[in-house]
file structure35.csv (CSV, C-alpha atoms)
chain,number,residue,atom,x,y,z
A,662,MET,CA,87.2,208.2,-11.4
A,663,VAL,CA,83.4,208.5,-11.7
A,664,PRO,CA,82.0,205.4,-13.6
A,665,THR,CA,80.4,206.0,-16.9
A,666,PRO,CA,76.6,205.4,-16.8
A,667,GLN,CA,75.8,202.0,-18.4
A,668,PRO,CA,73.6,201.8,-21.5
A,669,ALA,CA,71.1,199.8,-19.5
A,670,ALA,CA,70.5,202.9,-17.3
A,671,ALA,CA,69.8,205.1,-20.4
A,672,ALA,CA,67.4,202.5,-21.7
A,673,SER,CA,65.7,202.5,-18.3
A,674,VAL,CA,65.1,206.3,-18.6
A,675,ALA,CA,63.5,205.7,-22.0
A,676,ARG,CA,61.2,203.1,-20.6
A,677,THR,CA,60.2,205.5,-17.8
A,678,LEU,CA,59.5,208.2,-20.3
A,679,ALA,CA,57.2,205.8,-22.2
A,680,ARG,CA,55.3,204.9,-19.1
A,681,LEU,CA,54.9,208.6,-18.3
A,682,GLY,CA,53.2,209.2,-21.6
A,683,GLY,CA,56.0,210.0,-24.1
A,684,VAL,CA,56.7,213.4,-22.6
A,685,ALA,CA,57.8,214.4,-19.1
A,686,THR,CA,59.4,217.1,-17.0
A,687,THR,CA,62.8,216.8,-15.4
A,688,ALA,CA,61.1,216.4,-12.0
A,689,GLU,CA,59.1,213.5,-13.2
A,690,LEU,CA,62.1,211.7,-14.6
A,691,ARG,CA,64.3,212.6,-11.6
A,692,ALA,CA,61.9,210.8,-9.3
A,693,SER,CA,63.4,207.6,-10.7
A,694,HIS,CA,66.7,208.5,-12.3
A,695,THR,CA,69.8,210.6,-11.7
A,696,SER,CA,70.8,213.6,-13.7
A,697,ARG,CA,73.7,211.7,-15.2
A,698,GLU,CA,71.3,209.0,-16.4
A,699,LEU,CA,69.2,211.6,-18.1
A,700,ARG,CA,72.2,213.0,-19.8
A,701,SER,CA,73.3,209.6,-20.9
A,702,ALA,CA,69.8,208.8,-22.4
A,703,VAL,CA,69.9,212.1,-24.3
A,704,ALA,CA,73.4,211.4,-25.6
A,705,ALA,CA,72.3,208.0,-26.7
A,706,GLY,CA,69.3,209.5,-28.6
A,707,LEU,CA,66.8,207.5,-26.5
A,708,ILE,CA,65.1,210.7,-25.3
A,709,LEU,CA,65.1,214.3,-26.5
A,710,ARG,CA,65.4,217.5,-24.5
A,711,SER,CA,62.5,219.3,-26.1
A,712,ALA,CA,62.7,222.4,-24.0
A,713,ARG,CA,64.1,223.6,-20.7
A,714,GLY,CA,63.0,221.1,-18.1
A,715,ARG,CA,61.1,219.0,-20.6
A,716,TYR,CA,61.9,215.7,-22.4
A,717,ALA,CA,60.1,213.9,-25.1
A,718,SER,CA,60.3,210.6,-27.0
A,719,PRO,CA,62.2,210.8,-30.3
A,720,LEU,CA,59.2,209.1,-31.9
A,721,ALA,CA,57.5,212.5,-32.4
A,722,SER,CA,60.3,213.8,-34.7
A,723,GLU,CA,60.7,210.4,-36.4
A,724,HIS,CA,57.0,210.3,-37.2
A,725,ARG,CA,57.1,213.8,-38.6
A,726,ARG,CA,60.0,213.0,-40.9
A,727,ALA,CA,58.3,209.8,-42.1
A,728,ALA,CA,55.0,211.6,-42.8
A,729,HIS,CA,56.9,214.4,-44.6
A,730,ALA,CA,58.7,211.9,-46.8
A,731,ARG,CA,55.3,210.5,-47.9
A,732,LYS,CA,53.7,213.9,-48.3
A,733,ALA,CA,51.2,212.9,-45.6
A,734,THR,CA,49.8,214.7,-42.6
A,735,LEU,CA,50.4,213.4,-39.1
A,736,SER,CA,47.2,212.4,-37.3
A,737,HIS,CA,45.7,210.4,-34.4
A,738,LEU,CA,48.4,209.3,-31.9
A,739,SER,CA,51.3,210.6,-33.9
A,740,ALA,CA,49.7,214.0,-34.0
A,741,ALA,CA,49.1,213.8,-30.3
A,742,LEU,CA,52.8,213.3,-29.7
A,743,ALA,CA,53.6,216.1,-32.2
A,744,HIS,CA,51.4,218.4,-30.1
A,745,GLY,CA,53.4,217.4,-27.0
A,746,TRP,CA,50.6,215.5,-25.3
A,747,LYS,CA,51.0,212.5,-23.1
A,748,VAL,CA,49.6,209.2,-24.4
A,749,CYS,CA,49.1,205.7,-22.9
A,750,PHE,CA,51.4,203.9,-25.3
A,751,PRO,CA,53.7,205.6,-27.9
A,752,PRO,CA,52.5,204.2,-31.3
A,753,ASP,CA,54.6,201.6,-33.0
A,754,ARG,CA,53.6,202.9,-36.4
A,755,VAL,CA,53.2,206.3,-37.8
A,756,TRP,CA,49.5,207.5,-38.0
A,757,VAL,CA,48.9,209.7,-41.1
A,758,THR,CA,45.8,211.1,-42.9
A,759,VAL,CA,45.7,211.7,-46.6
A,760,PRO,CA,43.0,213.3,-48.8
A,761,ARG,CA,40.2,211.0,-49.8
A,762,ASN,CA,40.9,211.1,-53.5
A,763,ARG,CA,44.6,210.3,-53.1
A,764,ARG,CA,46.0,206.9,-53.9
A,765,PHE,CA,48.5,205.7,-51.3
A,766,ARG,CA,50.6,202.6,-51.8
A,767,GLY,CA,53.3,200.7,-49.9
A,768,THR,CA,52.2,201.4,-46.4
A,769,GLY,CA,53.9,198.2,-45.2
A,770,ASP,CA,54.3,197.8,-41.4
A,771,THR,CA,55.4,201.4,-40.8
A,772,LEU,CA,52.3,203.5,-41.4
A,773,ARG,CA,48.7,203.5,-40.3
A,774,VAL,CA,46.9,205.4,-43.1
A,775,ARG,CA,43.5,207.1,-42.9
A,776,TRP,CA,41.7,209.0,-45.6
A,777,GLY,CA,39.7,212.1,-44.8
A,778,GLU,CA,39.3,215.8,-45.4
A,779,LEU,CA,42.2,218.0,-44.4
A,780,THR,CA,42.3,221.8,-44.2
A,781,ASP,CA,45.0,223.8,-46.0
A,782,ALA,CA,46.5,224.8,-42.6
A,783,GLU,CA,46.8,221.1,-41.6
A,784,VAL,CA,48.5,220.2,-44.9
A,785,ARG,CA,50.9,223.1,-44.5
A,786,ALA,CA,51.7,222.3,-40.8
A,787,GLY,CA,52.0,218.6,-41.6
A,788,VAL,CA,49.9,217.7,-38.5
A,789,THR,CA,46.1,217.7,-37.8
A,790,ALA,CA,44.7,220.5,-35.7
A,791,PRO,CA,44.4,219.9,-31.9
A,792,LEU,CA,40.6,219.5,-31.8
A,793,ARG,CA,40.6,217.3,-34.9
A,794,THR,CA,43.4,215.2,-33.4
A,795,VAL,CA,41.4,214.6,-30.2
A,796,LEU,CA,38.2,213.7,-32.2
A,797,ASP,CA,40.2,211.3,-34.5
A,798,CYS,CA,41.6,209.5,-31.5
A,799,ALA,CA,38.2,209.4,-29.8
A,800,ARG,CA,36.6,207.8,-32.9
A,801,THR,CA,39.4,205.3,-33.5
A,802,LEU,CA,41.2,204.3,-30.2
A,803,PRO,CA,39.9,202.1,-27.4
A,804,PHE,CA,37.9,204.2,-24.9
A,805,ALA,CA,40.5,204.4,-22.1
A,806,GLU,CA,43.3,205.4,-24.5
A,807,ALA,CA,41.2,208.0,-26.2
A,808,VAL,CA,40.2,209.5,-22.8
A,809,ALA,CA,43.9,209.8,-21.9
A,810,VAL,CA,44.5,211.8,-25.2
A,811,ALA,CA,41.5,214.0,-24.5
A,812,ASP,CA,42.6,214.7,-20.9
A,813,SER,CA,46.1,215.5,-22.0
A,814,ALA,CA,44.8,218.0,-24.7
A,815,LEU,CA,42.6,219.7,-22.1
A,816,ARG,CA,45.4,219.8,-19.6
A,817,ALA,CA,47.7,221.4,-22.1
A,818,LEU,CA,44.9,224.0,-22.9
A,819,ALA,CA,45.2,222.9,-26.6
A,820,VAL,CA,41.4,222.5,-26.7
A,821,SER,CA,38.5,223.5,-24.4
A,822,ARG,CA,36.0,221.0,-23.0
A,823,GLU,CA,33.1,223.1,-24.4
A,824,ASP,CA,34.5,223.0,-27.9
A,825,LEU,CA,35.2,219.2,-27.6
A,826,VAL,CA,31.7,218.4,-26.5
A,827,ALA,CA,30.2,220.7,-29.1
A,828,ALA,CA,32.3,219.3,-31.9
A,829,SER,CA,31.6,215.7,-30.9
A,830,ALA,CA,27.9,216.4,-31.0
A,831,ARG,CA,28.2,217.4,-34.6
A,832,LEU,CA,30.0,214.3,-35.7
A,833,ARG,CA,28.2,211.7,-37.8
A,834,GLY,CA,29.3,208.3,-39.1
A,835,PRO,CA,31.5,205.6,-37.7
A,836,GLY,CA,32.9,206.4,-34.2
A,837,ALA,CA,30.7,209.4,-33.6
A,838,GLY,CA,29.1,207.8,-30.6
A,839,ALA,CA,32.4,206.8,-29.2
A,840,ALA,CA,33.7,210.4,-29.6
A,841,ARG,CA,30.8,211.8,-27.7
A,842,ARG,CA,31.4,209.3,-24.9
A,843,VAL,CA,35.0,210.4,-24.7
A,844,ALA,CA,34.1,214.0,-24.8
A,845,ALA,CA,31.7,213.5,-21.9
A,846,CYS,CA,34.3,211.8,-19.8
A,847,ALA,CA,37.3,214.1,-20.6
A,848,ASP,CA,38.7,216.0,-17.6
A,849,ALA,CA,41.7,218.3,-17.5
A,850,ARG,CA,42.3,217.5,-13.8
A,851,ALA,CA,43.8,214.0,-14.5
A,852,ALA,CA,47.5,214.3,-13.8
A,853,ASN,CA,48.6,211.7,-16.4
A,854,PRO,CA,47.5,208.9,-18.7
A,855,PHE,CA,47.7,206.4,-15.8
A,856,GLU,CA,45.0,208.3,-13.9
A,857,SER,CA,43.0,208.9,-17.1
A,858,VAL,CA,42.8,205.2,-17.8
A,859,LEU,CA,41.9,204.3,-14.2
A,860,ARG,CA,39.0,206.9,-14.4
A,861,ALA,CA,37.9,205.5,-17.8
A,862,HIS,CA,37.7,202.0,-16.2
A,863,CYS,CA,35.6,203.5,-13.4
A,864,ALA,CA,33.2,205.0,-16.0
A,865,GLN,CA,32.3,201.4,-16.9
A,866,VAL,CA,31.2,200.6,-13.3
A,867,PRO,CA,27.6,201.8,-12.5
A,868,GLY,CA,27.3,203.6,-9.2
A,869,LEU,CA,30.7,205.3,-9.2
A,870,ARG,CA,31.2,209.1,-9.6
A,871,LEU,CA,34.8,209.7,-9.1
A,872,ILE,CA,36.4,213.2,-9.0
A,873,PRO,CA,40.0,213.7,-10.2
A,874,GLN,CA,42.4,215.3,-7.7
A,875,LEU,CA,39.8,215.4,-4.9
A,876,GLN,CA,40.7,217.4,-1.9
A,877,ILE,CA,39.9,215.7,1.4
A,878,ALA,CA,40.3,217.8,4.5
A,879,ASP,CA,39.4,217.8,8.2
A,880,THR,CA,41.0,219.3,11.3
A,881,GLY,CA,44.7,219.1,10.8
A,882,ILE,CA,44.4,216.7,7.9
A,883,PHE,CA,44.6,217.6,4.2
A,884,ASN,CA,45.1,215.2,1.3
A,885,VAL,CA,44.7,215.5,-2.5
A,886,VAL,CA,43.9,212.0,-3.9
A,887,ASP,CA,44.0,210.8,-7.5
A,888,LEU,CA,40.3,209.9,-7.6
A,889,GLY,CA,37.7,210.1,-4.9
A,890,ASP,CA,33.9,209.7,-4.5
A,891,PRO,CA,32.9,211.6,-1.3
A,892,ARG,CA,29.4,210.0,-1.4
A,893,LEU,CA,30.9,206.5,-1.0
A,894,ALA,CA,33.9,207.6,1.0
A,895,LEU,CA,36.1,205.9,-1.6
A,896,VAL,CA,39.5,206.8,-2.7
A,897,LEU,CA,41.4,205.3,-5.7
A,898,GLU,CA,45.1,205.8,-6.0
A,899,ALA,CA,47.1,205.2,-9.2
A,900,GLU,CA,50.4,204.0,-7.7
A,901,GLY,CA,53.5,204.6,-9.9
A,902,PHE,CA,56.6,203.1,-8.4
A,903,GLU,CA,58.7,206.2,-9.4
A,904,HIS,CA,56.8,208.3,-6.8
A,905,HIS,CA,57.0,205.8,-3.9
A,906,GLY,CA,60.4,204.2,-4.2
A,907,SER,CA,62.1,205.8,-1.2
A,908,ARG,CA,62.0,205.7,2.6
A,909,SER,CA,60.5,209.1,2.8
A,910,GLY,CA,57.9,208.1,0.2
A,911,LEU,CA,57.0,205.0,2.2
A,912,ARG,CA,56.5,207.1,5.3
A,913,ARG,CA,54.4,209.7,3.5
A,914,ASP,CA,52.2,207.0,1.9
A,915,CYS,CA,51.6,205.2,5.2
A,916,ARG,CA,50.6,208.4,7.0
A,917,ARG,CA,48.4,209.5,4.1
A,918,GLN,CA,46.5,206.1,4.0
A,919,THR,CA,46.1,206.2,7.8
A,920,GLU,CA,44.7,209.7,7.8
A,921,LEU,CA,42.2,208.7,5.1
A,922,ALA,CA,41.2,205.7,7.2
A,923,VAL,CA,40.7,207.9,10.2
A,924,LEU,CA,38.3,210.0,8.2
A,925,GLY,CA,36.4,206.8,7.2
A,926,TYR,CA,37.6,206.4,3.6
A,927,SER,CA,38.3,203.1,1.9
A,928,VAL,CA,41.5,203.3,-0.2
A,929,LEU,CA,41.9,201.1,-3.2
A,930,ARG,CA,45.4,201.2,-4.7
A,931,PHE,CA,46.2,200.1,-8.3
A,932,SER,CA,49.5,199.6,-10.0
A,933,TRP,CA,50.4,200.8,-13.5
A,934,GLU,CA,50.6,197.2,-14.8
A,935,ASP,CA,47.1,196.4,-13.6
A,936,VAL,CA,45.5,199.6,-14.8
A,937,MET,CA,47.1,199.5,-18.2
A,938,LEU,CA,47.3,195.8,-18.9
A,939,GLU,CA,44.6,194.2,-16.7
A,940,PRO,CA,41.5,196.3,-17.1
A,941,ALA,CA,39.1,193.4,-16.5
A,942,TRP,CA,40.7,192.8,-13.0
A,943,VAL,CA,40.5,196.5,-12.2
A,944,ILE,CA,36.8,196.6,-13.1
A,945,TRP,CA,36.2,193.4,-11.1
A,946,ALA,CA,37.9,195.0,-8.0
A,947,LEU,CA,35.7,198.1,-8.3
A,948,THR,CA,32.5,196.1,-8.8
A,949,SER,CA,33.4,193.8,-6.0
A,950,TRP,CA,34.0,196.7,-3.6
A,951,LEU,CA,30.5,198.0,-4.4
A,952,ALA,CA,29.0,194.5,-4.0
A,953,THR,CA,30.7,194.1,-0.6
A,954,ARG,CA,29.4,197.4,0.5
A,955,SER,CA,25.8,196.4,-0.4
A,956,GLY,CA,26.1,192.9,1.2
A,957,MET,CA,26.1,191.2,-2.2
A,958,PRO,CA,28.3,188.2,-3.1
A,959,VAL,CA,31.6,188.8,-4.8
A,960,ALA,CA,32.2,187.2,-8.2
A,961,GLU,CA,35.3,185.2,-8.9
A,962,PRO,CA,38.1,187.4,-10.2
A,963,PRO,CA,39.2,187.1,-13.8
A,964,ALA,CA,42.4,185.4,-14.7
A,965,ARG,CA,45.4,187.7,-14.6
A,966,HIS,CA,48.1,187.7,-17.3
A,967,THR,CA,50.9,189.8,-15.8
call {"tool": "encode", "arguments": {"input": "structure35.csv", "output": "structure tokens"}}
result
Amino acid sequence: MVPTPQPAAAASVARTLARLGGVATTAELRASHTSRELRSAVAAGLILRSARGRYASPLASEHRRAAHARKATLSHLSAALAHGWKVCFPPDRVWVTVPRNRRFRGTGDTLRVRWGELTDAEVRAGVTAPLRTVLDCARTLPFAEAVAVADSALRALAVSREDLVAASARLRGPGAGAARRVAACADARAANPFESVLRAHCAQVPGLRLIPQLQIADTGIFNVVDLGDPRLALVLEAEGFEHHGSRSGLRRDCRRQTELAVLGYSVLRFSWEDVMLEPAWVIWALTSWLATRSGMPVAEPPARHT
């Protein structure tokens, strides 16, 4: 008799989905889990099969129901999930926007309420429009998290970079400068929030100009790296365990890093935990690499918490 998958396995699938941004393809999840574990997670209601070959966090539908019950419009991170975009951390509360003149009581610990102008179309749909959603996130969220939302929206072709930059330039008031900074950094080539956040950290280090999904080729050698700066011969890799947890994955990674070294590239590898939870350490590592290259002293690393 085939053993029934344990609830812990289904919960593990849900955690992987959250780390992948709240939405994922079958291939992304199957890199870490069996088909039976995916079915178990769906049966338990921990993940949803949103379309053929695609899965999503149940938070999106839960947030939509909560907003509808309060006659509010989903916005910010909740709207990003509703649009099917990947985010850094699925929100613990429902983000909604209501008209400026509306009184709204009893938000408690379940809602994050913002007041603002809403179009008739947004009120009817129950969710802010894609461009508005990106700008709302850019004005409100920490820079790295906002970049991840913007990258995901561009990757999904929900907005164009030209429209995003133009719309951010027209903004006034609180968060307008932050939105313009996010728009300037946004790039559809980032594969996932993990890479987006790593690139956002790099944007805080003077002297780096990193290109997402850079192709590095020479005679008989071809690699596509997460982030690369050809001027500095520097490669940054966002290393998710789900893509490297097998013998064949280990061999591929070893060969890849050796080939890059042969071509004269320095390779810095960063884990999900460090990129998402220890940004000060990541920025220290990048700054220290540049200092070493210039013959400058290296500062003491910051205390790590994970």
call {"tool": "closest_residue", "arguments": {"input": "structure35.csv", "among": "A:Ser701, A:Ser693, A:Ser813, A:Asn762", "to": "Gly745 in chain A", "atoms": "all atoms listed in the file"}}
result
A:Ser813
call {"tool": "atom_distance", "arguments": {"input": "structure35.csv", "atom1": "CA of Trp933 in chain A", "atom2": "CA of Thr794 in chain A"}}
result
25.5 Å
call {"tool": "closest_residue", "arguments": {"input": "structure35.csv", "among": "A:Leu699, A:Leu859, A:Leu951, A:Val928", "to": "Pro668 in chain A", "atoms": "only C-alpha atoms"}}
result
A:Leu699
call {"tool": "residues_near_point", "arguments": {"input": "structure35.csv", "point": "(33.2, 199.9, -25.8)", "cutoff": "9 Å", "atoms": "only C-alpha atoms", "output": "ChimeraX atom specification"}}
result
/A:803-804,839
call {"tool": "residues_near_point", "arguments": {"input": "structure35.csv", "point": "(72.4, 210.3, -23.1)", "cutoff": "12 Å", "atoms": "only C-alpha atoms", "output": "list in words"}}
result
Thr665, Pro666, Gln667, Pro668, Ala669, Ala670, Ala671, Ala672, Ser673, Val674, Ala675, Thr695, Ser696, Arg697, Glu698, Leu699, Arg700, Ser701, Ala702, Val703, Ala704, Ala705, Gly706, Leu707, Ile708, Leu709, Arg710 and Tyr716 of chain A
call {"tool": "atom_distance", "arguments": {"input": "structure35.csv", "atom1": "CA of Gly683 in chain A", "atom2": "CA of Phe750 in chain A"}}
result
7.7 Å
call {"tool": "residues_around", "arguments": {"input": "structure35.csv", "residues": "Pro760 in chain A", "least_positions_apart": "4", "cutoff": "10 Å", "atoms": "only C-alpha atoms", "output": "ChimeraX atom specification"}}
result
/A:733-734,764-765,775-780,784
call {"tool": "residues_around", "arguments": {"input": "structure35.csv", "residues": "Arg754 in chain A", "least_positions_apart": "3", "cutoff": "9 Å", "atoms": "all atoms listed in the file", "output": "PDB file with C-alpha atoms, in the coordinates of the input"}}
result
ATOM      1  CA  HIS A 724      57.000 210.300 -37.200  1.00  0.00           C
ATOM      2  CA  SER A 739      51.300 210.600 -33.900  1.00  0.00           C
ATOM      3  CA  PRO A 751      53.700 205.600 -27.900  1.00  0.00           C
ATOM      4  CA  ASP A 770      54.300 197.800 -41.400  1.00  0.00           C
ATOM      5  CA  THR A 771      55.400 201.400 -40.800  1.00  0.00           C
ATOM      6  CA  LEU A 772      52.300 203.500 -41.400  1.00  0.00           C
ATOM      7  CA  ARG A 773      48.700 203.500 -40.300  1.00  0.00           C
TER       8      ARG A 773
END
call {"tool": "residues_around", "arguments": {"input": "structure35.csv", "residues": "Gly834 in chain A", "least_positions_apart": "3", "cutoff": "10 Å", "atoms": "all atoms listed in the file", "output": "list in words"}}
result
Arg800, Ala837 and Gly838 of chain A
call {"tool": "atom_distance", "arguments": {"input": "structure35.csv", "atom1": "CA of Glu898 in chain A", "atom2": "CA of Leu929 in chain A"}}
result
6.3 Å
call {"tool": "residues_around", "arguments": {"input": "structure35.csv", "residues": "Ala828 in chain A", "least_positions_apart": "5", "cutoff": "10 Å", "atoms": "only C-alpha atoms", "output": "MDAnalysis selection string"}}
result
chainID A and resid 792:793 796 822:823 840:841 844
call {"tool": "write_last_selection", "arguments": {"input": "structure35.csv", "atoms": "C-alpha atoms", "output": "PDB file, keeping the file's coordinate frame"}}
result
ATOM      1  CA  LEU A 792      40.600 219.500 -31.800  1.00  0.00           C
ATOM      2  CA  ARG A 793      40.600 217.300 -34.900  1.00  0.00           C
ATOM      3  CA  LEU A 796      38.200 213.700 -32.200  1.00  0.00           C
ATOM      4  CA  ARG A 822      36.000 221.000 -23.000  1.00  0.00           C
ATOM      5  CA  GLU A 823      33.100 223.100 -24.400  1.00  0.00           C
ATOM      6  CA  ALA A 840      33.700 210.400 -29.600  1.00  0.00           C
ATOM      7  CA  ARG A 841      30.800 211.800 -27.700  1.00  0.00           C
ATOM      8  CA  ALA A 844      34.100 214.000 -24.800  1.00  0.00           C
TER       9      ALA A 844
END
call {"tool": "closest_residue", "arguments": {"input": "structure35.csv", "among": "A:Ser927, A:Glu856, A:Ala740, A:Glu934", "to": "Glu723 in chain A", "atoms": "all atoms listed in the file"}}
result
A:Ala740
call {"tool": "residues_around", "arguments": {"input": "structure35.csv", "residues": "range 919-922 of chain A", "least_positions_apart": "5", "cutoff": "12 Å", "atoms": "only C-alpha atoms", "output": "MDAnalysis selection string"}}
result
chainID A and resid 876:886 889 891 894:898 912:914 927:929
call {"tool": "closest_residue", "arguments": {"input": "structure35.csv", "among": "A:Val788, A:Ala685, A:Val795, A:Val810", "to": "His729 in chain A", "atoms": "all atoms listed in the file"}}
result
A:Val788
call {"tool": "closest_residue", "arguments": {"input": "structure35.csv", "among": "A:Cys863, A:Val923, A:Leu871, A:Val826", "to": "Ala941 in chain A", "atoms": "only C-alpha atoms"}}
result
A:Cys863
